[in-house]
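Visitor: Sharing query.cif (mmCIF, C-alpha atoms) below.
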data_structure
#
loop_
_atom_site.group_PDB
_atom_site.id
_atom_site.type_symbol
_atom_site.label_atom_id
_atom_site.label_comp_id
_atom_site.auth_asym_id
_atom_site.auth_seq_id
_atom_site.Cartn_x
_atom_site.Cartn_y
_atom_site.Cartn_z
ATOM 1 C CA MET I 10 -44.711 -25.594 -15.100
ATOM 2 C CA VAL I 11 -41.520 -23.558 -14.849
ATOM 3 C CA GLY I 12 -42.480 -21.549 -17.933
ATOM 4 C CA SER I 13 -45.935 -20.683 -16.587
ATOM 5 C CA LEU I 14 -44.388 -19.623 -13.268
ATOM 6 C CA ILE I 15 -41.960 -17.324 -15.073
ATOM 7 C CA ALA I 16 -44.893 -15.906 -17.050
ATOM 8 C CA TYR I 17 -46.815 -15.356 -13.801
ATOM 9 C CA ALA I 18 -43.873 -13.574 -12.159
ATOM 10 C CA THR I 19 -43.416 -11.438 -15.279
ATOM 11 C CA MET I 20 -47.102 -10.534 -15.199
ATOM 12 C CA ILE I 21 -47.276 -9.564 -11.518
ATOM 13 C CA LYS I 22 -44.044 -7.556 -11.720
ATOM 14 C CA GLY I 23 -45.436 -5.616 -14.699
ATOM 15 C CA ILE I 24 -42.269 -5.974 -16.757
ATOM 16 C CA ALA I 25 -43.899 -6.993 -20.058
ATOM 17 C CA ARG I 26 -46.634 -5.587 -22.265
ATOM 18 C CA GLU I 27 -47.255 -8.994 -23.820
ATOM 19 C CA ILE I 28 -46.605 -12.600 -22.774
ATOM 20 C CA ALA I 29 -46.827 -15.565 -25.159
ATOM 21 C CA LEU I 30 -46.836 -19.114 -23.800
ATOM 22 C CA VAL I 31 -45.757 -21.847 -26.220
ATOM 23 C CA ASP I 32 -45.895 -25.600 -25.715
ATOM 24 C CA VAL I 33 -45.847 -28.659 -27.963
ATOM 25 C CA ASN I 34 -49.230 -29.260 -26.318
ATOM 26 C CA THR I 35 -50.879 -26.109 -27.670
ATOM 27 C CA GLU I 36 -54.070 -26.701 -25.669
ATOM 28 C CA LEU I 37 -52.019 -26.596 -22.467
ATOM 29 C CA ALA I 38 -50.387 -23.307 -23.513
ATOM 30 C CA VAL I 39 -53.773 -21.785 -24.375
ATOM 31 C CA GLY I 40 -55.240 -22.944 -21.045
ATOM 32 C CA GLN I 41 -52.333 -21.549 -19.032
ATOM 33 C CA ALA I 42 -52.632 -18.245 -20.895
ATOM 34 C CA MET I 43 -56.352 -18.122 -20.076
ATOM 35 C CA ASP I 44 -55.639 -18.859 -16.405
ATOM 36 C CA LEU I 45 -53.069 -16.081 -16.229
ATOM 37 C CA SER I 46 -55.333 -13.608 -18.017
ATOM 38 C CA HIS I 47 -57.872 -13.902 -15.206
ATOM 39 C CA GLY I 48 -55.369 -12.065 -12.997
ATOM 40 C CA ASN I 49 -55.175 -9.077 -15.349
ATOM 41 C CA ALA I 50 -57.676 -7.149 -13.217
ATOM 42 C CA TYR I 51 -55.153 -7.066 -10.356
ATOM 43 C CA VAL I 52 -51.982 -6.067 -12.216
ATOM 44 C CA ARG I 53 -50.861 -3.670 -14.911
ATOM 45 C CA PRO I 54 -52.740 -5.040 -17.934
ATOM 46 C CA VAL I 55 -50.728 -7.345 -20.155
ATOM 47 C CA LYS I 56 -51.747 -9.168 -23.324
ATOM 48 C CA ILE I 57 -51.417 -12.916 -22.708
ATOM 49 C CA SER I 58 -51.652 -15.497 -25.478
ATOM 50 C CA GLY I 59 -50.859 -19.158 -25.813
ATOM 51 C CA GLY I 60 -50.423 -21.677 -28.582
ATOM 52 C CA SER I 61 -47.681 -22.721 -30.965
ATOM 53 C CA TYR I 62 -44.491 -20.901 -31.895
ATOM 54 C CA ASP I 63 -46.242 -18.378 -34.146
ATOM 55 C CA VAL I 64 -47.712 -16.555 -31.096
ATOM 56 C CA SER I 65 -44.174 -15.549 -30.090
ATOM 57 C CA ALA I 66 -42.926 -14.472 -33.522
ATOM 58 C CA ASP I 67 -42.369 -10.818 -32.548
ATOM 59 C CA SER I 68 -40.929 -11.457 -29.078
ATOM 60 C CA ASP I 69 -38.016 -9.391 -27.824
ATOM 61 C CA VAL I 70 -37.057 -11.924 -25.139
ATOM 62 C CA VAL I 71 -37.605 -15.696 -25.173
ATOM 63 C CA VAL I 72 -37.379 -17.987 -22.144
ATOM 64 C CA ILE I 73 -37.061 -21.691 -22.952
ATOM 65 C CA THR I 74 -37.816 -24.091 -20.126
ATOM 66 C CA ALA I 75 -37.993 -27.285 -22.206
ATOM 67 C CA GLY I 76 -36.890 -30.498 -20.565
ATOM 68 C CA ARG I 77 -38.104 -33.422 -18.565
ATOM 69 C CA PRO I 78 -37.209 -34.897 -15.180
ATOM 70 C CA GLN I 79 -34.754 -37.740 -14.827
ATOM 71 C CA LYS I 80 -36.229 -41.232 -15.187
ATOM 72 C CA GLU I 81 -35.388 -43.971 -12.715
ATOM 73 C CA GLY I 82 -32.153 -45.684 -13.752
ATOM 74 C CA GLU I 83 -31.305 -43.000 -16.314
ATOM 75 C CA SER I 84 -27.857 -41.438 -16.086
ATOM 76 C CA ARG I 85 -27.540 -37.685 -15.739
ATOM 77 C CA LEU I 86 -25.540 -37.661 -18.976
ATOM 78 C CA GLN I 87 -28.381 -39.367 -20.883
ATOM 79 C CA LEU I 88 -30.890 -36.917 -19.367
ATOM 80 C CA LEU I 89 -28.674 -34.027 -20.463
ATOM 81 C CA LYS I 90 -28.479 -35.383 -24.025
ATOM 82 C CA ASN I 91 -32.266 -35.841 -24.234
ATOM 83 C CA ASN I 92 -33.006 -32.388 -22.801
ATOM 84 C CA ALA I 93 -30.426 -30.797 -25.108
ATOM 85 C CA LYS I 94 -32.308 -32.300 -28.080
ATOM 86 C CA MET I 95 -35.582 -30.802 -26.768
ATOM 87 C CA VAL I 96 -34.036 -27.349 -26.423
ATOM 88 C CA GLU I 97 -32.456 -27.626 -29.878
ATOM 89 C CA ARG I 98 -35.845 -28.480 -31.427
ATOM 90 C CA ALA I 99 -37.477 -25.574 -29.582
ATOM 91 C CA VAL I 100 -34.858 -23.117 -30.824
ATOM 92 C CA ASP I 101 -35.165 -24.418 -34.394
ATOM 93 C CA GLU I 102 -38.964 -24.111 -34.318
ATOM 94 C CA TYR I 103 -38.773 -20.644 -32.820
ATOM 95 C CA PHE I 104 -36.319 -19.292 -35.400
ATOM 96 C CA HIS I 105 -38.621 -20.309 -38.244
ATOM 97 C CA SER I 106 -40.945 -17.448 -37.282
ATOM 98 C CA ALA I 107 -39.064 -15.106 -34.936
ATOM 99 C CA LYS I 108 -36.742 -12.135 -34.876
ATOM 100 C CA SER I 109 -35.518 -12.287 -31.268
ATOM 101 C CA ARG I 110 -31.843 -12.702 -30.513
ATOM 102 C CA LEU I 111 -31.891 -12.987 -26.705
ATOM 103 C CA PHE I 112 -32.429 -16.408 -25.145
ATOM 104 C CA TRP I 113 -32.516 -17.667 -21.589
ATOM 105 C CA SER I 114 -32.761 -21.423 -21.212
ATOM 106 C CA SER I 115 -33.398 -23.068 -17.866
ATOM 107 C CA ARG I 116 -34.453 -26.432 -16.531
ATOM 108 C CA ILE I 117 -35.019 -26.443 -12.777
ATOM 109 C CA ARG I 118 -35.001 -29.850 -11.147
#
For the structure just supplied, provide its representation as structure tokens.
Guide:
Amino acid sequence: MVGSLIAYATMIKGIAREIALVDVNTELAVGQAMDLSHGNAYVRPVKISGGSYDVSADSDVVVITAGRPQKEGESRLQLLKNNAKMVERAVDEYFHSAKSRLFWSSRIR
């Protein structure tokens, strides 16, 4: 959800020519990209795509919002370790097909 909100803000501010949404659930990423593209008539046109990591291969900037909320009874340290593993996997997957060197990673909760 955080990633799609950042994509939405990027779209309405007109600060990108292209936005690629990536998720381990590629159908979700494609659906969110389709939802955002419906707003293209009201903003500076932007190409919006969704899917797996290959859709972001030529990105100049990457925003990673991977992570999950804390489970009941789980320590904050365990949550941090689990979310760090998710971000590490995302970075590894991304670098298999990308050239970008600028990352911003955020988990808001």
Visitor: As a check of understanding, name the residues that the PyMOL selection byres ((chain I and resi 65) around 10) selects in the supplied structure, as a list in words.
Guide: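 With the PyMOL selection byres ((chain I and resi 65) around 10) on this model, the match is Glu27, Ile28, Ala29, Leu30, Val31, Ser58, Gly59, Gly60, Ser61, Tyr62, Asp63, Val64, Ala66, Asp67, Ser68, Asp69, Val70, Val71, Tyr103, Ser106, Ala107, Lys108 and Ser109 of chain I.
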Visitor: What's the 12 Å shell around I:Arg98, counting only C-alpha atoms, without same-chain residues fewer than 5 positions away, as a tab-separated table (two decimals) with C-alpha atoms, in the coordinates of the input?
Guide:
chain	number	residue	atom	x	y	z
I	32	ASP	CA	-45.90	-25.60	-25.72
I	33	VAL	CA	-45.85	-28.66	-27.96
I	62	TYR	CA	-44.49	-20.90	-31.90
I	73	ILE	CA	-37.06	-21.69	-22.95
I	75	ALA	CA	-37.99	-27.28	-22.21
I	76	GLY	CA	-36.89	-30.50	-20.56
I	91	ASN	CA	-32.27	-35.84	-24.23
I	92	ASN	CA	-33.01	-32.39	-22.80
I	93	ALA	CA	-30.43	-30.80	-25.11
I	103	TYR	CA	-38.77	-20.64	-32.82
I	104	PHE	CA	-36.32	-19.29	-35.40
I	105	HIS	CA	-38.62	-20.31	-38.24
Visitor: What is the atom CA of I:Met95-atom CA of I:Lys56 distance in Å, reported with one decimal?
Guide: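 Pair atom CA of I:Met95 / atom CA of I:Lys56 returns 27.2 Å.
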Visitor: Extract, using all atoms listed in the file, all DNA, RNA and protein residues at most 9 Å from I:Gln79, discarding same-chain residues fewer than 4 positions from it, and format them as a ChimeraX atom specification.
Guide: /I:83-85,87-88,118
Visitor: Write out as a list in words the residues lying within 9 Å of I:Gln41, counting only C-alpha atoms and excluding same-chain residues fewer than 3 positions away.
Guide: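 Residues meeting the cut-off are Ser13, Leu30, Glu36, Leu37, Ala38, Asp44, Leu45, Ser46, Ser58 and Gly59 of chain I.
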Visitor: Have a look at atom CA of I:Ala16 and atom CA of I:Val39 and let me know their distance in Å, one decimal.
Guide: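 Those two atoms sit 12.9 Å apart.
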Visitor: Any chance you could resolve the PyMOL selection byres ((chain I and resi 23) around 12) against this file and give the residues as a PDB file with C-alpha atoms, keeping the file's coordinate frame?
Guide:
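File produced: result-v7.pdb:
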ATOM      1  CA  ALA I  16     -44.893 -15.906 -17.050  1.00  0.00           C
ATOM      2  CA  TYR I  17     -46.815 -15.356 -13.801  1.00  0.00           C
ATOM      3  CA  ALA I  18     -43.873 -13.574 -12.159  1.00  0.00           C
ATOM      4  CA  THR I  19     -43.416 -11.438 -15.279  1.00  0.00           C
ATOM      5  CA  MET I  20     -47.102 -10.534 -15.199  1.00  0.00           C
ATOM      6  CA  ILE I  21     -47.276  -9.564 -11.518  1.00  0.00           C
ATOM      7  CA  LYS I  22     -44.044  -7.556 -11.720  1.00  0.00           C
ATOM      8  CA  ILE I  24     -42.269  -5.974 -16.757  1.00  0.00           C
ATOM      9  CA  ALA I  25     -43.899  -6.993 -20.058  1.00  0.00           C
ATOM     10  CA  ARG I  26     -46.634  -5.587 -22.265  1.00  0.00           C
ATOM     11  CA  GLU I  27     -47.255  -8.994 -23.820  1.00  0.00           C
ATOM     12  CA  ILE I  28     -46.605 -12.600 -22.774  1.00  0.00           C
ATOM     13  CA  GLY I  48     -55.369 -12.065 -12.997  1.00  0.00           C
ATOM     14  CA  ASN I  49     -55.175  -9.077 -15.349  1.00  0.00           C
ATOM     15  CA  TYR I  51     -55.153  -7.066 -10.356  1.00  0.00           C
ATOM     16  CA  VAL I  52     -51.982  -6.067 -12.216  1.00  0.00           C
ATOM     17  CA  ARG I  53     -50.861  -3.670 -14.911  1.00  0.00           C
ATOM     18  CA  PRO I  54     -52.740  -5.040 -17.934  1.00  0.00           C
ATOM     19  CA  VAL I  55     -50.728  -7.345 -20.155  1.00  0.00           C
ATOM     20  CA  LYS I  56     -51.747  -9.168 -23.324  1.00  0.00           C
TER      21      LYS I  56
END
Visitor: Choose the residue, out of I:Leu14, I:Arg77, I:Asp101, I:Val72, that has the smallest atom-to-atom separation from I:Leu89; count all atoms listed in the file.
Guide: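 Closest residue, counting all atoms listed in the file: I:Arg77.
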Visitor: Using all atoms listed in the file, which residue out of I:Met43, I:Leu86, I:Val96, I:Ala50 lies closest to I:Thr74?
Guide: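 Nearest candidate to I:Thr74 out of I:Met43, I:Leu86, I:Val96, I:Ala50: I:Val96.
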Visitor: If you measure from atom CA of I:Glu102 to atom CA of I:His47, what distance in Å do you get, rounded to one decimal?
Guide: 28.8 Å
Visitor: Could I get stretch 35-46 of chain I rebuilt with all heavy atoms, written as a CSV table (one decimal), in the coordinates of the input?
Guide:
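Wrote out.csv, looks like this:
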chain,number,residue,atom,x,y,z
I,35,THR,N,-50.4,-27.5,-27.5
I,35,THR,CA,-50.9,-26.1,-27.7
I,35,THR,C,-52.1,-25.9,-26.8
I,35,THR,O,-52.3,-24.7,-26.3
I,35,THR,CB,-51.2,-25.8,-29.1
I,35,THR,OG1,-52.1,-26.8,-29.6
I,35,THR,CG2,-50.0,-25.8,-30.0
I,36,GLU,N,-52.9,-26.9,-26.5
I,36,GLU,CA,-54.1,-26.7,-25.7
I,36,GLU,C,-53.6,-26.3,-24.3
I,36,GLU,O,-54.3,-25.5,-23.6
I,36,GLU,CB,-54.9,-28.0,-25.7
I,36,GLU,CG,-55.7,-28.2,-27.0
I,36,GLU,CD,-56.5,-29.4,-26.9
I,36,GLU,OE1,-56.7,-30.1,-25.9
I,36,GLU,OE2,-57.1,-29.8,-28.0
I,37,LEU,N,-52.5,-26.9,-23.8
I,37,LEU,CA,-52.0,-26.6,-22.5
I,37,LEU,C,-51.6,-25.1,-22.4
I,37,LEU,O,-51.9,-24.4,-21.5
I,37,LEU,CB,-50.8,-27.5,-22.1
I,37,LEU,CG,-50.1,-27.2,-20.8
I,37,LEU,CD1,-51.0,-27.4,-19.6
I,37,LEU,CD2,-48.9,-28.1,-20.7
I,38,ALA,N,-50.9,-24.7,-23.5
I,38,ALA,CA,-50.4,-23.3,-23.5
I,38,ALA,C,-51.6,-22.3,-23.5
I,38,ALA,O,-51.5,-21.3,-22.8
I,38,ALA,CB,-49.5,-23.1,-24.7
I,39,VAL,N,-52.6,-22.7,-24.3
I,39,VAL,CA,-53.8,-21.8,-24.4
I,39,VAL,C,-54.5,-21.7,-23.0
I,39,VAL,O,-54.8,-20.7,-22.5
I,39,VAL,CB,-54.7,-22.3,-25.5
I,39,VAL,CG1,-56.1,-21.6,-25.4
I,39,VAL,CG2,-54.1,-22.1,-26.9
I,40,GLY,N,-54.6,-22.9,-22.4
I,40,GLY,CA,-55.2,-22.9,-21.0
I,40,GLY,C,-54.5,-22.2,-20.0
I,40,GLY,O,-55.1,-21.4,-19.2
I,41,GLN,N,-53.1,-22.3,-20.0
I,41,GLN,CA,-52.3,-21.5,-19.0
I,41,GLN,C,-52.4,-20.1,-19.3
I,41,GLN,O,-52.5,-19.2,-18.3
I,41,GLN,CB,-50.9,-22.0,-19.1
I,41,GLN,CG,-50.7,-23.4,-18.5
I,41,GLN,CD,-49.3,-23.9,-18.6
I,41,GLN,OE1,-48.5,-23.5,-19.5
I,41,GLN,NE2,-48.9,-24.8,-17.8
I,42,ALA,N,-52.5,-19.7,-20.6
I,42,ALA,CA,-52.6,-18.2,-20.9
I,42,ALA,C,-54.0,-17.7,-20.4
I,42,ALA,O,-54.1,-16.6,-19.9
I,42,ALA,CB,-52.5,-18.0,-22.4
I,43,MET,N,-55.0,-18.5,-20.6
I,43,MET,CA,-56.4,-18.1,-20.1
I,43,MET,C,-56.3,-18.0,-18.6
I,43,MET,O,-56.9,-17.0,-18.0
I,43,MET,CB,-57.4,-19.1,-20.5
I,43,MET,CG,-57.7,-19.1,-22.0
I,43,MET,SD,-58.7,-20.5,-22.6
I,43,MET,CE,-60.2,-20.2,-21.7
I,44,ASP,N,-55.7,-18.9,-17.9
I,44,ASP,CA,-55.6,-18.9,-16.4
I,44,ASP,C,-54.9,-17.6,-16.0
I,44,ASP,O,-55.4,-16.9,-15.1
I,44,ASP,CB,-54.9,-20.1,-15.8
I,44,ASP,CG,-55.7,-21.4,-15.9
I,44,ASP,OD1,-56.9,-21.3,-16.2
I,44,ASP,OD2,-55.1,-22.4,-15.8
I,45,LEU,N,-53.8,-17.3,-16.6
I,45,LEU,CA,-53.1,-16.1,-16.2
I,45,LEU,C,-53.9,-14.8,-16.5
I,45,LEU,O,-53.8,-13.9,-15.8
I,45,LEU,CB,-51.7,-16.0,-17.0
I,45,LEU,CG,-50.6,-17.0,-16.5
I,45,LEU,CD1,-49.5,-16.9,-17.4
I,45,LEU,CD2,-50.2,-16.6,-15.1
I,46,SER,N,-54.6,-14.8,-17.6
I,46,SER,CA,-55.3,-13.6,-18.0
I,46,SER,C,-56.4,-13.2,-17.0
I,46,SER,O,-56.8,-12.1,-16.9
I,46,SER,CB,-55.9,-13.8,-19.4
I,46,SER,OG,-56.9,-14.7,-19.4
